[in-house]
file my_file_4.cif (mmCIF, C-alpha atoms)
data_final
#
loop_
_atom_site.group_PDB
_atom_site.id
_atom_site.type_symbol
_atom_site.label_atom_id
_atom_site.label_comp_id
_atom_site.auth_asym_id
_atom_site.auth_seq_id
_atom_site.Cartn_x
_atom_site.Cartn_y
_atom_site.Cartn_z
ATOM 1 C CA MET M 770 6.701 -45.421 23.366
ATOM 2 C CA ASN M 771 4.734 -47.496 20.836
ATOM 3 C CA GLY M 772 1.463 -46.092 22.169
ATOM 4 C CA ILE M 773 2.257 -46.979 25.759
ATOM 5 C CA ILE M 774 2.817 -44.315 28.369
ATOM 6 C CA ASN M 775 5.326 -45.514 30.929
ATOM 7 C CA HIS M 776 5.154 -42.563 33.298
ATOM 8 C CA PRO M 777 1.965 -41.412 35.007
ATOM 9 C CA GLU M 778 3.307 -37.843 35.045
ATOM 10 C CA GLY M 779 5.134 -35.588 32.662
ATOM 11 C CA TYR M 780 4.571 -34.017 29.270
ATOM 12 C CA ILE M 781 3.632 -37.185 27.360
ATOM 13 C CA ALA M 782 1.158 -38.288 30.027
ATOM 14 C CA SER M 783 -0.366 -34.808 30.087
ATOM 15 C CA LEU M 784 -0.590 -34.779 26.305
ATOM 16 C CA GLN M 785 -2.224 -38.216 26.260
ATOM 17 C CA LYS M 786 -4.724 -37.075 28.879
ATOM 18 C CA ASP M 787 -5.610 -34.042 26.699
ATOM 19 C CA VAL M 788 -6.019 -36.236 23.611
ATOM 20 C CA ASP M 789 -8.225 -38.688 25.497
ATOM 21 C CA HIS M 790 -10.370 -35.840 26.824
ATOM 22 C CA TYR M 791 -10.734 -34.334 23.330
ATOM 23 C CA VAL M 792 -11.729 -37.648 21.753
ATOM 24 C CA ASN M 793 -14.120 -38.638 24.543
ATOM 25 C CA SER M 794 -15.756 -35.205 24.863
ATOM 26 C CA GLY M 795 -17.574 -35.415 21.545
ATOM 27 C CA LYS M 796 -15.695 -32.370 20.247
ATOM 28 C CA TRP M 797 -13.668 -34.672 18.020
ATOM 29 C CA VAL M 798 -16.819 -35.990 16.331
ATOM 30 C CA GLU M 799 -18.119 -32.448 15.915
ATOM 31 C CA ASP M 800 -14.831 -31.332 14.350
ATOM 32 C CA MET M 801 -14.783 -34.327 12.007
ATOM 33 C CA ASP M 802 -18.351 -33.528 10.912
ATOM 34 C CA LYS M 803 -17.316 -29.932 10.188
ATOM 35 C CA LEU M 804 -14.292 -31.131 8.246
ATOM 36 C CA GLU M 805 -16.395 -33.558 6.216
ATOM 37 C CA TYR M 806 -18.888 -30.791 5.405
ATOM 38 C CA GLU M 807 -16.124 -28.420 4.287
ATOM 39 C CA MET M 808 -14.502 -31.108 2.138
ATOM 40 C CA ASN M 809 -17.851 -31.874 0.491
ATOM 41 C CA GLU M 810 -18.398 -28.184 -0.242
ATOM 42 C CA VAL M 811 -14.957 -27.923 -1.859
ATOM 43 C CA ALA M 812 -15.667 -31.041 -3.936
ATOM 44 C CA LYS M 813 -19.032 -29.641 -5.089
ATOM 45 C CA LYS M 814 -17.416 -26.349 -6.067
ATOM 46 C CA ALA M 815 -14.670 -28.136 -8.010
ATOM 47 C CA ALA M 816 -17.222 -30.330 -9.789
ATOM 48 C CA LYS M 817 -19.293 -27.290 -10.746
ATOM 49 C CA GLU M 818 -16.225 -25.482 -12.087
ATOM 50 C CA GLY M 819 -15.304 -28.573 -14.096
ATOM 51 C CA THR M 820 -18.824 -28.711 -15.506
ATOM 52 C CA LYS M 821 -18.666 -25.040 -16.469
ATOM 53 C CA LYS M 822 -15.386 -25.600 -18.333
ATOM 54 C CA ALA M 823 -16.889 -28.564 -20.203
ATOM 55 C CA VAL M 824 -19.950 -26.481 -21.082
ATOM 56 C CA GLN M 825 -17.779 -23.630 -22.362
ATOM 57 C CA LYS M 826 -15.905 -26.032 -24.635
ATOM 58 C CA PHE M 827 -19.182 -27.478 -25.897
ATOM 59 C CA ILE M 828 -20.535 -23.981 -26.581
ATOM 60 C CA GLN M 829 -17.350 -23.061 -28.437
ATOM 61 C CA TYR M 830 -17.798 -26.191 -30.540
ATOM 62 C CA GLN M 831 -21.395 -25.153 -31.244
ATOM 63 C CA LYS M 832 -20.266 -21.683 -32.290
ATOM 64 C CA GLN M 833 -17.469 -22.999 -34.519
ATOM 65 C CA HIS M 834 -20.004 -25.145 -36.341
ATOM 66 C CA ASP M 835 -22.264 -22.151 -36.966
ATOM 67 C CA ASN M 836 -25.027 -23.231 -34.636
ATOM 68 C CA SER M 837 -27.216 -20.385 -33.462
ATOM 69 C CA MET M 838 -27.115 -19.053 -29.933
ATOM 70 C CA LYS M 839 -30.672 -20.299 -29.444
ATOM 71 C CA SER M 840 -29.661 -23.781 -30.569
ATOM 72 C CA ALA M 841 -26.635 -23.741 -28.259
ATOM 73 C CA ILE M 842 -28.810 -22.760 -25.284
ATOM 74 C CA HIS M 843 -31.228 -25.585 -26.107
ATOM 75 C CA ASP M 844 -28.470 -28.182 -26.518
ATOM 76 C CA VAL M 845 -26.615 -27.125 -23.371
ATOM 77 C CA THR M 846 -29.855 -27.156 -21.389
ATOM 78 C CA ASP M 847 -30.585 -30.674 -22.615
ATOM 79 C CA MET M 848 -27.126 -31.904 -21.675
ATOM 80 C CA TYR M 849 -26.330 -29.928 -18.534
ATOM 81 C CA GLY M 850 -29.656 -28.570 -17.297
ATOM 82 C CA ASP M 851 -29.600 -30.823 -14.259
ATOM 83 C CA MET M 852 -26.184 -29.478 -13.199
ATOM 84 C CA LEU M 853 -26.460 -25.779 -14.050
ATOM 85 C CA SER M 854 -29.314 -23.321 -13.690
ATOM 86 C CA HIS M 855 -30.912 -21.811 -16.761
ATOM 87 C CA ASP M 856 -29.408 -18.420 -15.863
ATOM 88 C CA GLU M 857 -25.915 -19.947 -15.636
ATOM 89 C CA ILE M 858 -26.374 -21.581 -19.040
ATOM 90 C CA ILE M 859 -27.565 -18.326 -20.624
ATOM 91 C CA LYS M 860 -24.593 -16.480 -19.131
ATOM 92 C CA LEU M 861 -22.073 -19.057 -20.407
ATOM 93 C CA VAL M 862 -23.581 -19.053 -23.902
ATOM 94 C CA HIS M 863 -23.548 -15.258 -24.051
ATOM 95 C CA GLU M 864 -19.921 -15.159 -22.894
ATOM 96 C CA VAL M 865 -18.854 -17.423 -25.767
ATOM 97 C CA TYR M 866 -21.072 -15.962 -28.489
ATOM 98 C CA GLN M 867 -20.192 -12.341 -27.826
#
call {"tool": "encode", "arguments": {"input": "my_file_4.cif", "output": "C-alpha cells"}}
result
Amino acid sequence: MNGIINHPEGYIASLQKDVDHYVNSGKWVEDMDKLEYEMNEVAKKAAKEGTKKAVQKFIQYQKQHDNSMKSAIHDVTDMYGDMLSHDEIIKLVHEVYQ
C-alpha cells in the first residue's frame, strides 16, 4: 500500500475516506486540543506532587535539626510559596511535626 489506495472501492478505500473526513472536519483538531489539555493537567498534577514530596523532605530536615514549626512554615513559604498555597504549606508542616 505505502499510503496509496489502488482500489476506489473496498474496506481500505472506505477507511481512508473516513480518515480524510475526520481530519478535514475539524474534529481532529478539537480532539488534539482536548488531548493536549489533558496531558498538561496530568503534568501539572505530577509536578505538584513532586513539589509536595520535596517540601515534606525539607520539613523533615527542619524537624531533625530542631527548627521550630513556625520557622519551618516561614522557610517553606520562602522557598515554595509560589508553588503551594499557604494552607497547603501549613498542612504539610503539621503532618510532619505531629
call {"tool": "closest_residue", "arguments": {"input": "my_file_4.cif", "among": "M:Lys839, M:His834, M:Val862, M:Met852", "to": "M:Lys814", "atoms": "all atoms listed in the file"}}
result
M:Met852
call {"tool": "atom_distance", "arguments": {"input": "my_file_4.cif", "atom1": "atom CA of M:Gln829", "atom2": "atom CA of M:Ser854"}}
result
19.0 Å
call {"tool": "axis_aligned_box", "arguments": {"input": "my_file_4.cif", "around": "stretch 842-849 of chain M", "padding_each_side": "6 Å", "output": "JSON"}}
result
{"center_x": -28.8, "center_y": -27.3, "center_z": -22.5, "size_x": 16.9, "size_y": 21.1, "size_z": 20.0}
call {"tool": "atom_distance", "arguments": {"input": "my_file_4.cif", "atom1": "atom CA of M:Thr820", "atom2": "atom CA of M:Met808"}}
result
18.3 Å
call {"tool": "residues_near_point", "arguments": {"input": "my_file_4.cif", "point": "(-21.1, -16.5, -25.4)", "cutoff": "10 Å", "atoms": "all atoms listed in the file", "output": "ChimeraX atom specification"}}
result
/M:825,828-829,832,838,841-842,858-867
call {"tool": "closest_residue", "arguments": {"input": "my_file_4.cif", "among": "M:Glu799, M:Asp844, M:Asp851, M:Glu805", "to": "M:Lys817", "atoms": "all atoms listed in the file"}}
result
M:Asp851
call {"tool": "atom_distance", "arguments": {"input": "my_file_4.cif", "atom1": "atom CA of M:Lys813", "atom2": "atom CA of M:Gly795"}}
result
27.3 Å
call {"tool": "closest_residue", "arguments": {"input": "my_file_4.cif", "among": "M:Val798, M:Leu853, M:Val845, M:Val811", "to": "M:Tyr830", "atoms": "only C-alpha atoms"}}
result
M:Val845
call {"tool": "closest_residue", "arguments": {"input": "my_file_4.cif", "among": "M:Leu784, M:Asp835, M:Tyr849, M:His855", "to": "M:Lys821", "atoms": "all atoms listed in the file"}}
result
M:Tyr849
call {"tool": "decode", "arguments": {"input": "my_file_4.cif", "residues": "stretch 850-862 of chain M", "atoms": "all heavy atoms", "output": "PDB file, in the first residue's frame"}}
result
ATOM      1  N   GLY M 850       6.516  29.055  48.334  1.00  0.00           N
ATOM      2  CA  GLY M 850       5.267  29.813  48.401  1.00  0.00           C
ATOM      3  C   GLY M 850       4.656  30.143  47.055  1.00  0.00           C
ATOM      4  O   GLY M 850       3.447  30.363  46.961  1.00  0.00           O
ATOM      5  N   ASP M 851       5.464  30.150  46.015  1.00  0.00           N
ATOM      6  CA  ASP M 851       4.922  30.423  44.684  1.00  0.00           C
ATOM      7  C   ASP M 851       4.356  29.167  44.026  1.00  0.00           C
ATOM      8  O   ASP M 851       3.673  29.259  43.003  1.00  0.00           O
ATOM      9  CB  ASP M 851       5.982  31.052  43.788  1.00  0.00           C
ATOM     10  CG  ASP M 851       7.218  30.185  43.612  1.00  0.00           C
ATOM     11  OD1 ASP M 851       7.507  29.356  44.496  1.00  0.00           O
ATOM     12  OD2 ASP M 851       7.905  30.348  42.583  1.00  0.00           O
ATOM     13  N   MET M 852       4.607  28.002  44.624  1.00  0.00           N
ATOM     14  CA  MET M 852       4.120  26.741  44.051  1.00  0.00           C
ATOM     15  C   MET M 852       2.995  26.112  44.865  1.00  0.00           C
ATOM     16  O   MET M 852       2.199  25.351  44.329  1.00  0.00           O
ATOM     17  CB  MET M 852       5.271  25.747  43.941  1.00  0.00           C
ATOM     18  CG  MET M 852       6.332  26.159  42.962  1.00  0.00           C
ATOM     19  SD  MET M 852       7.663  24.961  42.914  1.00  0.00           S
ATOM     20  CE  MET M 852       8.982  25.939  43.624  1.00  0.00           C
ATOM     21  N   LEU M 853       2.963  26.415  46.159  1.00  0.00           N
ATOM     22  CA  LEU M 853       1.949  25.849  47.047  1.00  0.00           C
ATOM     23  C   LEU M 853       1.250  26.981  47.792  1.00  0.00           C
ATOM     24  O   LEU M 853       1.871  27.989  48.122  1.00  0.00           O
ATOM     25  CB  LEU M 853       2.586  24.895  48.061  1.00  0.00           C
ATOM     26  CG  LEU M 853       3.301  23.671  47.511  1.00  0.00           C
ATOM     27  CD1 LEU M 853       4.031  22.943  48.631  1.00  0.00           C
ATOM     28  CD2 LEU M 853       2.320  22.734  46.834  1.00  0.00           C
ATOM     29  N   SER M 854      -0.025  26.779  48.084  1.00  0.00           N
ATOM     30  CA  SER M 854      -0.761  27.775  48.852  1.00  0.00           C
ATOM     31  C   SER M 854      -0.307  27.736  50.311  1.00  0.00           C
ATOM     32  O   SER M 854       0.293  26.759  50.771  1.00  0.00           O
ATOM     33  CB  SER M 854      -2.264  27.512  48.767  1.00  0.00           C
ATOM     34  OG  SER M 854      -2.610  26.351  49.511  1.00  0.00           O
ATOM     35  N   HIS M 855      -0.614  28.800  51.010  1.00  0.00           N
ATOM     36  CA  HIS M 855      -0.247  28.863  52.433  1.00  0.00           C
ATOM     37  C   HIS M 855      -0.918  27.724  53.207  1.00  0.00           C
ATOM     38  O   HIS M 855      -0.287  27.104  54.076  1.00  0.00           O
ATOM     39  CB  HIS M 855      -0.636  30.227  53.020  1.00  0.00           C
ATOM     40  CG  HIS M 855      -0.185  30.416  54.430  1.00  0.00           C
ATOM     41  ND1 HIS M 855       1.146  30.532  54.772  1.00  0.00           N
ATOM     42  CD2 HIS M 855      -0.882  30.488  55.587  1.00  0.00           C
ATOM     43  CE1 HIS M 855       1.242  30.677  56.090  1.00  0.00           C
ATOM     44  NE2 HIS M 855       0.022  30.660  56.602  1.00  0.00           N
ATOM     45  N   ASP M 856      -2.172  27.443  52.884  1.00  0.00           N
ATOM     46  CA  ASP M 856      -2.890  26.352  53.563  1.00  0.00           C
ATOM     47  C   ASP M 856      -2.226  24.994  53.298  1.00  0.00           C
ATOM     48  O   ASP M 856      -2.136  24.159  54.207  1.00  0.00           O
ATOM     49  CB  ASP M 856      -4.346  26.294  53.110  1.00  0.00           C
ATOM     50  CG  ASP M 856      -5.160  27.478  53.630  1.00  0.00           C
ATOM     51  OD1 ASP M 856      -4.729  28.129  54.609  1.00  0.00           O
ATOM     52  OD2 ASP M 856      -6.233  27.749  53.048  1.00  0.00           O
ATOM     53  N   GLU M 857      -1.759  24.773  52.082  1.00  0.00           N
ATOM     54  CA  GLU M 857      -1.070  23.516  51.766  1.00  0.00           C
ATOM     55  C   GLU M 857       0.232  23.405  52.559  1.00  0.00           C
ATOM     56  O   GLU M 857       0.572  22.327  53.059  1.00  0.00           O
ATOM     57  CB  GLU M 857      -0.774  23.427  50.271  1.00  0.00           C
ATOM     58  CG  GLU M 857      -1.997  23.205  49.403  1.00  0.00           C
ATOM     59  CD  GLU M 857      -1.704  23.298  47.918  1.00  0.00           C
ATOM     60  OE1 GLU M 857      -1.018  24.242  47.489  1.00  0.00           O
ATOM     61  OE2 GLU M 857      -2.170  22.411  47.187  1.00  0.00           O
ATOM     62  N   ILE M 858       0.941  24.513  52.666  1.00  0.00           N
ATOM     63  CA  ILE M 858       2.201  24.520  53.427  1.00  0.00           C
ATOM     64  C   ILE M 858       1.937  24.221  54.891  1.00  0.00           C
ATOM     65  O   ILE M 858       2.617  23.378  55.497  1.00  0.00           O
ATOM     66  CB  ILE M 858       2.932  25.861  53.244  1.00  0.00           C
ATOM     67  CG1 ILE M 858       3.431  25.977  51.794  1.00  0.00           C
ATOM     68  CG2 ILE M 858       4.077  26.012  54.240  1.00  0.00           C
ATOM     69  CD1 ILE M 858       3.961  27.337  51.412  1.00  0.00           C
ATOM     70  N   ILE M 859       0.955  24.885  55.474  1.00  0.00           N
ATOM     71  CA  ILE M 859       0.597  24.648  56.882  1.00  0.00           C
ATOM     72  C   ILE M 859       0.254  23.174  57.088  1.00  0.00           C
ATOM     73  O   ILE M 859       0.720  22.542  58.048  1.00  0.00           O
ATOM     74  CB  ILE M 859      -0.596  25.537  57.305  1.00  0.00           C
ATOM     75  CG1 ILE M 859      -0.254  27.016  57.201  1.00  0.00           C
ATOM     76  CG2 ILE M 859      -1.089  25.191  58.697  1.00  0.00           C
ATOM     77  CD1 ILE M 859       0.764  27.504  58.200  1.00  0.00           C
ATOM     78  N   LYS M 860      -0.545  22.631  56.200  1.00  0.00           N
ATOM     79  CA  LYS M 860      -0.957  21.222  56.316  1.00  0.00           C
ATOM     80  C   LYS M 860       0.259  20.298  56.270  1.00  0.00           C
ATOM     81  O   LYS M 860       0.384  19.385  57.098  1.00  0.00           O
ATOM     82  CB  LYS M 860      -1.934  20.877  55.201  1.00  0.00           C
ATOM     83  CG  LYS M 860      -2.435  19.451  55.261  1.00  0.00           C
ATOM     84  CD  LYS M 860      -3.376  19.142  54.119  1.00  0.00           C
ATOM     85  CE  LYS M 860      -3.772  17.672  54.169  1.00  0.00           C
ATOM     86  NZ  LYS M 860      -4.414  17.221  52.967  1.00  0.00           N
ATOM     87  N   LEU M 861       1.164  20.525  55.318  1.00  0.00           N
ATOM     88  CA  LEU M 861       2.351  19.664  55.198  1.00  0.00           C
ATOM     89  C   LEU M 861       3.242  19.770  56.440  1.00  0.00           C
ATOM     90  O   LEU M 861       3.751  18.761  56.924  1.00  0.00           O
ATOM     91  CB  LEU M 861       3.135  20.028  53.946  1.00  0.00           C
ATOM     92  CG  LEU M 861       2.473  19.661  52.616  1.00  0.00           C
ATOM     93  CD1 LEU M 861       3.234  20.290  51.446  1.00  0.00           C
ATOM     94  CD2 LEU M 861       2.397  18.159  52.439  1.00  0.00           C
ATOM     95  N   VAL M 862       3.422  20.969  56.953  1.00  0.00           N
ATOM     96  CA  VAL M 862       4.244  21.149  58.148  1.00  0.00           C
ATOM     97  C   VAL M 862       3.605  20.434  59.329  1.00  0.00           C
ATOM     98  O   VAL M 862       4.284  19.707  60.076  1.00  0.00           O
ATOM     99  CB  VAL M 862       4.466  22.648  58.449  1.00  0.00           C
ATOM    100  CG1 VAL M 862       5.110  22.836  59.831  1.00  0.00           C
ATOM    101  CG2 VAL M 862       5.330  23.289  57.368  1.00  0.00           C
TER     102      VAL M 862
END
